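Shown below: work-v3.cif, with mmCIF, C-alpha atoms.
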data_target
#
loop_
_atom_site.label_atom_id
_atom_site.label_comp_id
_atom_site.auth_asym_id
_atom_site.auth_seq_id
_atom_site.Cartn_x
_atom_site.Cartn_y
_atom_site.Cartn_z
CA MET A 24 176.49 116.39 -71.51
CA ASN A 25 177.32 118.17 -68.28
CA VAL A 26 178.45 116.08 -65.37
CA LEU A 27 179.45 116.71 -61.81
CA ILE A 28 181.97 114.55 -59.95
CA VAL A 29 181.64 114.27 -56.22
CA GLU A 30 184.74 112.57 -54.86
CA ASP A 31 187.03 113.41 -52.01
CA GLU A 32 190.09 111.71 -53.37
CA LYS A 33 191.53 113.99 -56.01
CA LEU A 34 193.37 111.27 -57.88
CA THR A 35 190.25 109.19 -58.18
CA ALA A 36 188.27 112.18 -59.44
CA LEU A 37 190.92 112.93 -62.05
CA ARG A 38 190.93 109.33 -63.14
CA LEU A 39 187.17 109.28 -63.52
CA GLU A 40 187.31 112.43 -65.62
CA ARG A 41 189.95 110.88 -67.84
CA LEU A 42 187.89 107.75 -68.32
CA LEU A 43 184.85 109.82 -69.22
CA HIS A 44 186.79 111.76 -71.81
CA GLN A 45 188.13 108.58 -73.29
CA TYR A 46 184.59 107.43 -73.75
CA ASP A 47 183.25 110.75 -75.05
CA PRO A 48 185.51 113.83 -75.37
CA THR A 49 182.51 116.14 -75.49
CA ILE A 50 181.47 115.36 -71.95
CA ARG A 51 181.93 118.45 -69.86
CA VAL A 52 182.93 118.02 -66.25
CA LEU A 53 181.45 121.04 -64.50
CA ALA A 54 183.36 120.51 -61.28
CA GLN A 55 185.04 118.05 -58.97
CA ILE A 56 183.73 118.52 -55.48
CA PRO A 57 185.23 116.78 -52.45
CA SER A 58 182.27 116.73 -50.06
CA VAL A 59 178.51 116.45 -49.76
CA ALA A 60 178.13 119.82 -48.06
CA LYS A 61 180.06 121.55 -50.80
CA THR A 62 178.05 119.77 -53.45
CA ILE A 63 174.79 121.03 -51.99
CA GLN A 64 176.25 124.51 -51.80
CA TRP A 65 177.43 124.27 -55.38
CA LEU A 66 174.04 123.14 -56.64
CA ARG A 67 172.34 126.05 -54.83
CA GLU A 68 174.47 128.61 -56.61
CA ALA A 69 172.22 130.02 -59.31
CA TYR A 70 175.03 130.86 -61.70
CA ASN A 71 176.23 127.23 -61.89
CA THR A 72 175.04 125.20 -64.82
CA GLN A 73 172.87 122.37 -63.55
CA PRO A 74 174.44 119.00 -64.33
CA ASP A 75 172.73 116.27 -66.35
CA LEU A 76 174.42 113.60 -64.31
CA ILE A 77 176.20 113.46 -60.98
CA PHE A 78 178.90 110.90 -60.27
CA TRP A 79 178.74 110.28 -56.60
CA ILE A 80 180.99 107.59 -55.37
CA PHE A 81 180.13 107.01 -51.78
CA ILE A 82 180.04 104.07 -49.56
CA MET B 10 186.31 67.20 -23.54
CA ASN B 11 183.44 67.50 -21.16
CA PRO B 12 184.87 69.17 -18.02
CA ALA B 13 182.35 67.44 -15.74
CA ARG B 14 183.70 64.02 -16.55
CA ILE B 15 186.64 62.68 -14.71
CA ASN B 16 189.63 61.39 -16.47
CA HIS B 17 189.07 57.64 -16.24
CA LEU B 18 192.00 55.35 -15.83
CA LYS B 19 192.41 52.73 -18.47
CA SER B 20 191.78 49.12 -17.51
CA LEU B 21 195.45 48.29 -17.91
CA GLN B 22 196.40 51.16 -15.62
CA LYS B 23 193.99 49.87 -12.97
CA TRP B 24 195.57 46.42 -13.11
CA GLN B 25 199.01 47.96 -12.83
CA LEU B 26 197.96 50.01 -9.83
CA ALA B 27 196.34 47.01 -8.16
CA LEU B 28 199.47 44.96 -8.71
CA SER B 29 201.80 47.65 -7.40
CA VAL B 30 199.75 47.93 -4.20
CA VAL B 31 199.59 44.16 -3.75
CA VAL B 32 203.34 43.79 -4.25
CA ILE B 33 203.92 45.85 -1.14
CA TYR B 34 200.87 44.91 0.83
CA LEU B 35 200.96 41.16 0.53
CA PRO B 36 204.44 40.39 1.88
CA ILE B 37 203.62 42.49 4.93
CA ARG B 38 200.36 40.67 5.36
CA VAL B 39 201.96 37.27 5.06
CA TYR B 40 204.70 38.29 7.44
CA ILE B 41 202.22 39.43 10.08
CA ASN B 42 200.10 36.31 9.77
CA ILE B 43 202.88 33.87 10.41
CA ASN B 44 203.67 33.44 14.08
CA ASP B 45 206.57 31.14 13.81
CA PHE B 46 208.45 30.62 10.57
CA SER B 47 209.81 27.28 11.75
CA GLU B 48 206.24 25.98 11.71
CA ILE B 49 205.77 26.58 8.01
CA GLU B 50 206.37 24.25 5.11
CA PHE B 51 207.11 26.86 2.45
CA SER B 52 206.73 24.61 -0.57
CA GLN B 53 203.29 23.57 0.57
CA ARG B 54 202.21 27.11 1.17
CA ILE B 55 203.03 28.34 -2.32
CA PRO B 56 199.67 27.40 -3.91
CA LEU B 57 197.88 29.23 -1.12
CA TRP B 58 199.99 32.33 -1.54
CA MET B 59 199.46 32.26 -5.29
CA MET B 60 195.75 32.20 -4.64
CA GLU B 61 196.18 35.06 -2.19
CA ILE B 62 198.00 37.16 -4.78
CA GLY B 63 195.32 36.51 -7.39
CA VAL B 64 192.43 37.26 -5.06
CA ASN B 65 194.08 40.42 -3.78
CA VAL B 66 194.91 41.83 -7.21
CA VAL B 67 191.32 41.25 -8.30
CA PHE B 68 190.08 42.83 -5.09
CA PHE B 69 192.17 45.96 -5.53
CA PHE B 70 191.20 46.24 -9.16
CA PHE B 71 187.61 46.06 -8.04
CA TRP B 72 188.27 48.68 -5.36
CA ILE B 73 189.85 51.12 -7.80
CA SER B 74 186.87 50.67 -10.10
CA ILE B 75 184.52 51.44 -7.22
CA LEU B 76 186.55 54.54 -6.42
CA GLU B 77 186.21 55.72 -9.99
CA TRP B 78 182.48 55.22 -9.85
CA ILE B 79 182.17 57.10 -6.54
CA GLN B 80 184.28 59.94 -7.85
CA GLN B 81 182.18 60.18 -10.98
CA GLN B 82 179.10 60.53 -8.75
CA LEU B 83 180.81 63.28 -6.78
CA PHE B 84 181.76 65.09 -9.94
CA ASP B 85 178.19 64.94 -11.14
CA TRP B 86 176.93 66.41 -7.86
CA PHE B 87 179.52 69.04 -7.22
CA GLY B 88 180.61 69.95 -10.71
CA GLN B 89 184.18 69.96 -11.80
CA GLY B 90 187.42 70.67 -9.99
CA PHE B 91 189.53 67.65 -10.58
CA LEU B 92 191.09 67.73 -7.14
CA ILE B 93 187.73 67.07 -5.50
CA GLU B 94 189.06 63.71 -4.33
CA PHE B 95 191.43 65.51 -1.98
CA LYS B 96 188.62 67.33 -0.16
CA ILE B 97 188.01 66.19 3.41
CA PRO B 98 184.42 64.86 3.00
CA THR B 99 185.56 62.74 0.08
CA GLN B 100 188.43 61.40 2.10
CA ILE B 101 186.22 60.57 5.07
CA ALA B 102 183.67 58.85 2.85
CA THR B 103 186.44 56.88 1.16
CA PHE B 104 187.86 55.90 4.53
CA ILE B 105 184.51 54.62 5.80
CA ILE B 106 183.78 52.66 2.66
CA ALA B 107 187.31 51.26 2.75
CA CYS B 108 186.83 50.10 6.36
CA GLY B 109 183.57 48.34 5.54
CA LEU B 110 184.99 46.66 2.49
CA ALA B 111 188.17 45.67 4.32
CA VAL B 112 186.19 43.88 7.04
CA LEU B 113 184.03 42.12 4.46
CA PHE B 114 187.06 41.19 2.40
CA ASN B 115 188.96 39.79 5.33
CA MET B 116 185.99 37.74 6.53
CA GLY B 117 185.48 36.35 3.06
CA PHE B 118 189.13 35.76 2.58
CA ARG B 119 189.54 33.95 5.87
CA ASN B 120 186.80 31.55 4.85
CA LEU B 121 188.32 31.09 1.45
CA TRP B 122 191.69 30.50 3.04
CA SER B 123 190.46 27.82 5.43
CA ILE B 124 188.49 26.10 2.68
CA ALA B 125 191.57 26.06 0.47
CA GLU B 126 193.72 24.90 3.33
CA SER B 127 191.48 22.03 4.32
CA THR B 128 191.07 21.03 0.66
CA LEU B 129 194.81 20.86 0.34
CA GLU B 130 195.05 18.94 3.56
CA ASN B 131 192.48 16.38 2.53
CA GLN B 132 193.53 15.92 -1.07
CA PHE B 133 197.26 16.43 -1.08
CA GLY B 134 198.15 15.55 2.47
CA LEU B 135 199.28 19.00 3.44
CA THR B 136 200.22 18.87 7.07
CA ARG B 137 199.91 21.54 9.63
CA LYS B 138 202.41 21.25 12.37
CA GLN B 139 200.78 21.25 15.71
CA SER B 140 201.40 24.34 17.66
CA GLU B 141 202.51 23.99 21.20
CA VAL B 142 200.77 27.09 22.45
CA SER B 143 197.53 26.76 24.31
CA ALA B 144 194.09 27.14 22.75
CA ALA B 145 193.46 30.40 24.62
CA THR B 146 196.62 32.01 23.29
CA GLN B 147 195.76 30.78 19.82
CA ARG B 148 192.36 32.42 19.99
CA MET B 149 193.88 35.66 21.17
CA ASN B 150 196.43 35.50 18.39
CA ARG B 151 193.68 34.96 15.87
CA GLN B 152 191.72 37.97 17.13
CA GLN B 153 194.82 40.09 17.00
CA LYS B 154 195.50 38.91 13.47
CA THR B 155 191.97 39.73 12.35
CA LYS B 156 192.34 43.28 13.57
CA THR B 157 195.78 43.70 12.09
CA ASN B 158 194.65 42.32 8.76
CA ALA B 159 191.66 44.65 8.65
CA GLY B 160 193.83 47.63 9.48
CA LEU B 161 196.42 46.65 6.95
CA THR B 162 193.81 46.19 4.26
CA VAL B 163 192.36 49.63 4.97
CA MET B 164 195.82 51.15 4.68
CA ALA B 165 196.44 49.39 1.40
CA MET B 166 193.07 50.45 0.09
CA LEU B 167 193.69 54.05 0.99
CA SER B 168 197.08 54.00 -0.63
CA ALA B 169 195.44 52.59 -3.75
CA PHE B 170 193.00 55.48 -3.56
CA TYR B 171 195.77 58.07 -3.39
CA LEU B 172 197.84 56.37 -6.03
CA ALA B 173 194.85 56.34 -8.38
CA SER B 174 194.05 59.98 -7.63
CA ASN B 175 197.62 60.92 -8.09
CA ARG B 176 197.90 59.21 -11.43
CA ARG B 177 194.64 60.69 -12.62
CA ALA B 178 195.55 64.20 -11.51
CA TYR B 179 198.91 63.90 -13.15
CA ARG B 180 197.37 62.78 -16.40
CA GLN B 181 194.85 65.59 -16.29
CA LEU B 182 197.59 68.09 -15.62
CA GLU B 183 199.56 66.81 -18.56
CA GLU B 184 196.52 67.12 -20.76
CA VAL B 185 195.78 70.65 -19.61
CA GLN B 186 199.35 71.67 -20.20
CA LEU B 187 199.41 70.14 -23.64
CA LYS B 188 196.15 71.81 -24.53
CA ALA B 189 197.33 75.20 -23.33
CA GLU B 190 200.47 74.95 -25.39
CA ARG B 191 198.61 73.87 -28.48
CA LEU B 192 196.04 76.59 -28.00
CA GLU B 193 198.64 79.26 -27.73
CA LYS B 194 200.44 78.12 -30.82
CA GLU B 195 197.24 77.96 -32.78
CA ASN B 196 196.19 81.36 -31.59
CA ILE B 197 199.35 82.95 -32.79
CA LYS B 198 199.15 81.17 -36.10
CA ALA B 199 195.52 82.05 -36.66
CA GLN B 200 196.05 85.64 -35.77
CA LEU B 201 199.03 86.04 -38.00
CA THR B 202 197.12 84.52 -40.86
CA ALA B 203 194.22 86.83 -40.18
CA LEU B 204 196.54 89.75 -40.02
CA LYS B 205 198.21 88.92 -43.30
CA ASN B 206 194.93 88.38 -45.04
CA GLN B 207 193.53 91.55 -43.63
CA ILE B 208 196.28 93.81 -44.71
CA SER B 209 197.14 92.40 -48.09
CA PRO B 210 194.14 92.54 -50.41
CA HIS B 211 192.75 95.94 -49.46
CA PHE B 212 196.08 97.54 -49.17
CA LEU B 213 197.21 96.29 -52.53
CA PHE B 214 193.97 97.08 -54.29
CA ASN B 215 193.80 100.63 -52.99
CA ASN B 216 197.38 101.38 -53.81
CA LEU B 217 197.26 99.96 -57.29
CA SER B 218 194.17 101.98 -58.02
CA ILE B 219 195.93 105.12 -56.84
CA LEU B 220 198.99 104.23 -58.86
CA SER B 221 196.99 103.85 -62.04
CA SER B 222 195.80 107.46 -61.60
CA LEU B 223 199.15 108.76 -60.52
CA VAL B 224 201.15 107.22 -63.28
CA GLU B 225 199.59 109.44 -65.91
CA THR B 226 199.58 112.68 -63.96
CA ASP B 227 202.93 112.47 -62.20
CA PRO B 228 205.41 109.84 -63.41
CA LYS B 229 208.14 111.01 -61.06
CA LEU B 230 205.96 110.75 -58.00
CA SER B 231 204.78 107.37 -59.29
CA VAL B 232 208.30 106.02 -59.14
CA GLU B 233 208.62 107.21 -55.56
CA PHE B 234 205.24 105.72 -54.81
CA ILE B 235 206.23 102.33 -56.20
CA ASN B 236 209.42 102.37 -54.19
CA ARG B 237 207.61 103.13 -50.97
CA LEU B 238 204.96 100.57 -51.73
CA SER B 239 207.56 97.87 -52.21
CA LYS B 240 209.26 99.00 -49.00
CA ALA B 241 205.99 98.72 -47.13
CA TYR B 242 205.37 95.26 -48.51
CA ARG B 243 208.85 94.16 -47.64
CA TYR B 244 208.21 95.22 -44.06
CA ILE B 245 204.86 93.47 -43.86
CA LEU B 246 206.34 90.23 -45.13
CA ASP B 247 209.40 90.44 -42.92
CA GLN B 248 207.52 91.24 -39.77
CA SER B 249 204.51 89.00 -40.03
CA ASP B 250 206.47 86.16 -38.45
CA ASN B 251 207.86 88.29 -35.64
CA GLU B 252 206.27 88.73 -32.28
CA ARG B 253 207.78 92.11 -31.55
CA ILE B 254 209.60 94.94 -33.22
CA ASN B 255 211.54 97.95 -32.12
CA LEU B 256 209.32 101.02 -31.94
CA LYS B 257 211.65 103.03 -34.13
CA THR B 258 211.45 100.50 -36.94
CA GLU B 259 207.69 100.34 -36.74
CA LEU B 260 207.49 104.13 -36.83
CA GLU B 261 209.63 104.20 -39.93
CA PHE B 262 207.18 101.84 -41.52
CA VAL B 263 204.29 104.07 -40.42
CA GLU B 264 206.01 106.94 -42.19
CA THR B 265 206.21 104.92 -45.38
CA TYR B 266 202.62 103.88 -44.99
CA THR B 267 201.58 107.46 -44.35
CA PHE B 268 203.35 108.60 -47.47
CA LEU B 269 201.21 106.19 -49.48
CA LEU B 270 198.05 107.38 -47.75
CA LYS B 271 198.89 111.02 -48.27
CA ILE B 272 199.19 110.57 -52.01
CA ARG B 273 195.57 109.56 -51.78
CA PHE B 274 194.27 111.92 -49.10
CA GLU B 275 196.76 114.78 -49.42
CA ASP B 276 196.51 117.19 -46.51
CA LYS B 277 193.30 115.70 -45.24
CA LEU B 278 195.33 113.27 -43.20
CA ARG B 279 198.06 114.15 -40.75
CA ILE B 280 200.16 111.90 -38.60
CA VAL B 281 201.90 113.53 -35.64
CA VAL B 282 204.57 111.51 -33.87
CA ASP B 283 205.43 112.89 -30.46
CA ILE B 284 207.82 110.31 -29.04
CA PRO B 285 211.31 110.98 -27.68
CA GLU B 286 214.08 109.31 -29.62
CA ALA B 287 215.21 107.45 -26.49
CA ASP B 288 211.79 105.83 -26.13
CA LYS B 289 211.77 104.79 -29.77
CA LEU B 290 214.95 102.83 -29.20
CA ARG B 291 214.04 101.48 -25.80
CA TYR B 292 210.60 100.05 -26.42
CA SER B 293 209.15 97.37 -28.61
CA ILE B 294 205.64 96.72 -29.83
CA VAL B 295 203.84 94.11 -31.89
CA PRO B 296 204.62 94.71 -35.57
CA LEU B 297 201.96 96.35 -37.71
CA THR B 298 200.01 97.58 -34.67
CA LEU B 299 200.41 101.25 -35.54
CA GLN B 300 199.71 100.70 -39.21
CA MET B 301 196.50 98.92 -38.31
CA LEU B 302 195.42 101.76 -36.03
CA VAL B 303 196.07 104.38 -38.71
CA GLU B 304 194.14 102.25 -41.16
CA ASN B 305 191.27 102.06 -38.67
CA ALA B 306 191.25 105.81 -38.13
CA VAL B 307 191.12 106.43 -41.87
CA LYS B 308 188.37 103.88 -42.31
CA HIS B 309 186.09 105.25 -39.62
CA ASN B 310 186.57 108.99 -39.80
CA ARG B 311 185.53 111.72 -42.15
CA MET B 312 188.27 113.98 -43.42
CA SER B 313 188.35 117.10 -45.48
CA ASP B 314 190.64 120.02 -46.14
CA GLU B 315 188.75 122.02 -43.54
CA GLN B 316 188.68 119.24 -41.01
CA PRO B 317 191.68 117.03 -41.52
CA LEU B 318 192.02 113.76 -39.68
CA VAL B 319 194.93 114.02 -37.29
CA VAL B 320 196.37 110.93 -35.64
CA TYR B 321 198.74 111.51 -32.74
CA PHE B 322 201.29 109.05 -31.45
CA GLN B 323 202.41 109.87 -27.94
CA SER B 324 204.57 107.94 -25.54
CA ARG B 325 203.39 107.93 -21.98
CA GLU B 326 204.59 105.92 -19.05
CA ASN B 327 204.81 102.30 -20.21
CA TYR B 328 202.45 102.70 -23.09
CA LEU B 329 201.95 104.31 -26.43
CA ALA B 330 198.82 106.34 -26.92
CA VAL B 331 197.28 106.61 -30.37
CA VAL B 332 194.78 109.46 -30.35
CA ASN B 333 192.46 110.98 -32.91
CA TRP B 334 189.40 113.21 -32.83
CA VAL B 335 186.31 111.32 -33.73
CA GLN B 336 184.58 112.66 -36.80
CA PRO B 337 182.57 109.65 -37.87
CA ARG B 338 181.68 109.09 -41.47
CA PRO B 339 178.02 109.89 -42.10
CA LYS B 340 177.28 106.38 -43.16
CA ASN B 341 179.87 104.24 -41.54
CA GLU B 342 181.09 101.12 -43.18
CA SER B 343 179.86 98.14 -41.30
CA SER B 344 182.88 97.48 -39.18
CA THR B 345 183.83 93.99 -38.15
CA GLY B 346 186.05 95.39 -35.39
CA LEU B 347 188.49 92.72 -36.46
CA GLY B 348 191.55 94.93 -36.63
CA LEU B 349 191.33 96.26 -33.11
CA GLN B 350 190.32 92.89 -31.68
CA ASN B 351 193.29 91.34 -33.43
CA ILE B 352 195.63 93.80 -31.72
CA ILE B 353 194.04 93.21 -28.32
CA ASN B 354 194.29 89.44 -28.67
CA ARG B 355 197.87 89.44 -29.78
CA TYR B 356 198.93 91.62 -26.88
CA LYS B 357 197.10 89.32 -24.51
CA LEU B 358 199.47 86.54 -25.51
CA LEU B 359 202.55 88.64 -25.02
CA THR B 360 201.95 90.77 -21.95
CA GLU B 361 199.86 91.03 -18.81
CA LYS B 362 199.19 94.68 -19.50
CA PRO B 363 196.00 95.17 -21.48
CA VAL B 364 195.38 97.22 -24.58
CA LEU B 365 192.98 99.96 -23.52
CA VAL B 366 190.48 101.48 -25.90
CA THR B 367 188.61 104.57 -24.77
CA GLU B 368 186.28 106.88 -26.57
CA LYS B 369 185.41 110.05 -24.72
CA ASP B 370 184.96 113.74 -25.37
CA GLU B 371 185.00 113.02 -29.09
CA SER B 372 188.45 111.57 -28.93
CA PHE B 373 189.37 108.01 -29.64
CA ILE B 374 192.33 106.69 -27.68
CA VAL B 375 194.05 103.35 -27.97
CA LYS B 376 196.72 102.65 -25.38
CA ILE B 377 199.28 100.12 -26.50
CA PRO B 378 201.48 98.69 -23.73
CA PHE B 379 205.17 98.70 -24.48
CA LEU B 380 206.86 95.33 -24.59
CA SER B 381 210.03 95.98 -22.69
#

The structure in this file should be written as structure tokens.
Amino acid sequence: MNVLIVEDEKLTALRLERLLHQYDPTIRVLAQIPSVAKTIQWLREAYNTQPDLIFWIFI
Amino acid sequence: MNPARINHLKSLQKWQLALSVVVIYLPIRVYININDFSEIEFSQRIPLWMMEIGVNVVFFFFWISILEWIQQQLFDWFGQGFLIEFKIPTQIATFIIACGLAVLFNMGFRNLWSIAESTLENQFGLTRKQSEVSAATQRMNRQQKTKTNAGLTVMAMLSAFYLASNRRAYRQLEEVQLKAERLEKENIKAQLTALKNQISPHFLFNNLSILSSLVETDPKLSVEFINRLSKAYRYILDQSDNERINLKTELEFVETYTFLLKIRFEDKLRIVVDIPEADKLRYSIVPLTLQMLVENAVKHNRMSDEQPLVVYFQSRENYLAVVNWVQPRPKNESSTGLGLQNIINRYKLLTEKPVLVTEKDESFIVKIPFLS
């Protein structure tokens, strides 16, 4: 499964990735992106693999 | 306490007041009413004087009660202001009422006196020595006495009025003072409690969550992080009972606090301190003020590598300015505004100078007055 992590705090993003891998090592984190704007940009790039799931931790 | 109600004297206090007026008033009255002391059989007069004391004390008690009632009416008409009894219309009204009552009282009392006197004469053989002065002089004397008695009674009544007012005002003042002191103490206590509660849970939770990430990626930095965290907590605990702290010490704490934040936000957050060393030593502020302002800035503003959040500390004349560019979060957390209000309230208790909060030209400025 391909996932995308949108999180502006690097440590939190890393932690989430680690937790995901603990649960299932085959999960592939496509990218960790720190902002909404960059996420939209990233998704528009044709050469990026589209994620199955986006982790978006926002208030 | 309802402010529109006057502070009523207790019944015991009214009796005391009445007695203290009578103690002065009565001897003078007796003295004036006796023309010739050689005429008087003192032992026979004692029952009459006892009666006089009793009647007078009751009368003055009654008068003070009337005054209270009148003053309550005035309060209801004119609203509060507990010194209303010292206003001229009140005084004039009191004077007129006192005059009327004094005349009535003296007429009544004269009758009572002669009844009592003749009763004593008839039943116990009290003798009145015959005066040698003529009937005309006697009548003139009596008229003079009536006037003097009325005047004296009015004086006594007015002094009762002022004594009662005085006592009431004094009591009210005491109450106000007591309340103010209590209020202030409670304010400080409540605010400190609020402050402690505010800082502790979030601060701890956030930092522990960061630590749990950090500990696996960078053990060395984790140790440093734990040290700083404990230092920050030490400061918070030490200072929460203090009213003021040296600016330098608070800034050192801000540095520690910033270190913790920067582990989390990296270069997205910058703190710039632009304060001369001399000012740092000279001035004091309320502890944890700066930390709270940084926390606020972080909470309310967006930050990214491209657009970092920069918080400036600058010392100006008599105050410290905390400035940041406003870049609001797209969906702002519902803010209670508690942190800033807390700072404003605490400064209010400590200094006349206000905490000023301005937001203009996309900059957010909080001006913290220095406590000298």

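The smallest atom-to-atom distance between chain A and any of B:Glu130, B:Glu259, B:Glu304, B:Asp314, using only C-alpha atoms, is found for B:Asp314.
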
Tell me as a PDB file with C-alpha atoms, keeping the file's coordinate frame which residues belonging to chain B come within 9 Å of chain A, counting only C-alpha atoms.
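What landed in selection.pdb:
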ATOM      1  CA  SER B 218     194.170 101.980 -58.020  1.00  0.00           C
ATOM      2  CA  ILE B 219     195.930 105.120 -56.840  1.00  0.00           C
ATOM      3  CA  SER B 221     196.990 103.850 -62.040  1.00  0.00           C
ATOM      4  CA  SER B 222     195.800 107.460 -61.600  1.00  0.00           C
ATOM      5  CA  LEU B 223     199.150 108.760 -60.520  1.00  0.00           C
ATOM      6  CA  THR B 226     199.580 112.680 -63.960  1.00  0.00           C
ATOM      7  CA  ILE B 272     199.190 110.570 -52.010  1.00  0.00           C
ATOM      8  CA  ARG B 273     195.570 109.560 -51.780  1.00  0.00           C
ATOM      9  CA  PHE B 274     194.270 111.920 -49.100  1.00  0.00           C
ATOM     10  CA  GLU B 275     196.760 114.780 -49.420  1.00  0.00           C
ATOM     11  CA  MET B 312     188.270 113.980 -43.420  1.00  0.00           C
ATOM     12  CA  SER B 313     188.350 117.100 -45.480  1.00  0.00           C
ATOM     13  CA  ASP B 314     190.640 120.020 -46.140  1.00  0.00           C
ATOM     14  CA  LYS B 340     177.280 106.380 -43.160  1.00  0.00           C
ATOM     15  CA  ASN B 341     179.870 104.240 -41.540  1.00  0.00           C
ATOM     16  CA  GLU B 342     181.090 101.120 -43.180  1.00  0.00           C
TER      17      GLU B 342
END

To verify the selection step, state as an NGL selection string which residues the PyMOL selection byres ((chain B and resi 271) around 12) yields on this input. (:A and (32-34)) or (:B and (216 or 219 or 234 or 263-270 or 272-280 or 303 or 307 or 317-318))

Quick one: residues within 8 Å of B:Ala125, only C-alpha atoms, excluding same-chain residues fewer than 4 positions away - as a list in words? Leu57, Leu121 and Leu129 of chain B

Evaluate the PyMOL selection byres ((chain B and resi 333) around 8) and report residues as an mmCIF file with C-alpha atoms, in the coordinates of the input:
data_model
loop_
_atom_site.group_PDB
_atom_site.id
_atom_site.type_symbol
_atom_site.label_atom_id
_atom_site.label_comp_id
_atom_site.auth_asym_id
_atom_site.auth_seq_id
_atom_site.Cartn_x
_atom_site.Cartn_y
_atom_site.Cartn_z
ATOM 1 C CA ALA B 306 191.250 105.810 -38.130
ATOM 2 C CA LEU B 318 192.020 113.760 -39.680
ATOM 3 C CA VAL B 319 194.930 114.020 -37.290
ATOM 4 C CA VAL B 320 196.370 110.930 -35.640
ATOM 5 C CA TYR B 321 198.740 111.510 -32.740
ATOM 6 C CA VAL B 331 197.280 106.610 -30.370
ATOM 7 C CA VAL B 332 194.780 109.460 -30.350
ATOM 8 C CA TRP B 334 189.400 113.210 -32.830
ATOM 9 C CA VAL B 335 186.310 111.320 -33.730
ATOM 10 C CA SER B 372 188.450 111.570 -28.930
ATOM 11 C CA PHE B 373 189.370 108.010 -29.640
ATOM 12 C CA ILE B 374 192.330 106.690 -27.680
#

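For the atom pair formed by atom CA of B:Glu252 and atom CA of B:Pro296, the distance is 7.0 Å, given to one decimal.
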
Apply the PyMOL selection byres ((chain A and resi 51) around 7) to the file shown and report the selected residues as a PyMOL selection string. chain A and resi 24-26+49-50+52-53

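Close contacts of B:Ser381, defined as residues with an atom at most 12 Å away when counting only C-alpha atoms, with chain neighbours fewer than 3 positions off set aside, comprise Arg253, Ile254, Asn255, Leu256, Asp288, Lys289, Leu290, Arg291, Tyr292, Ser293, Ile294, Val295, Glu326, Asn327, Tyr328, Leu359, Thr360, Glu361, Lys362 and Pro378 of chain B.
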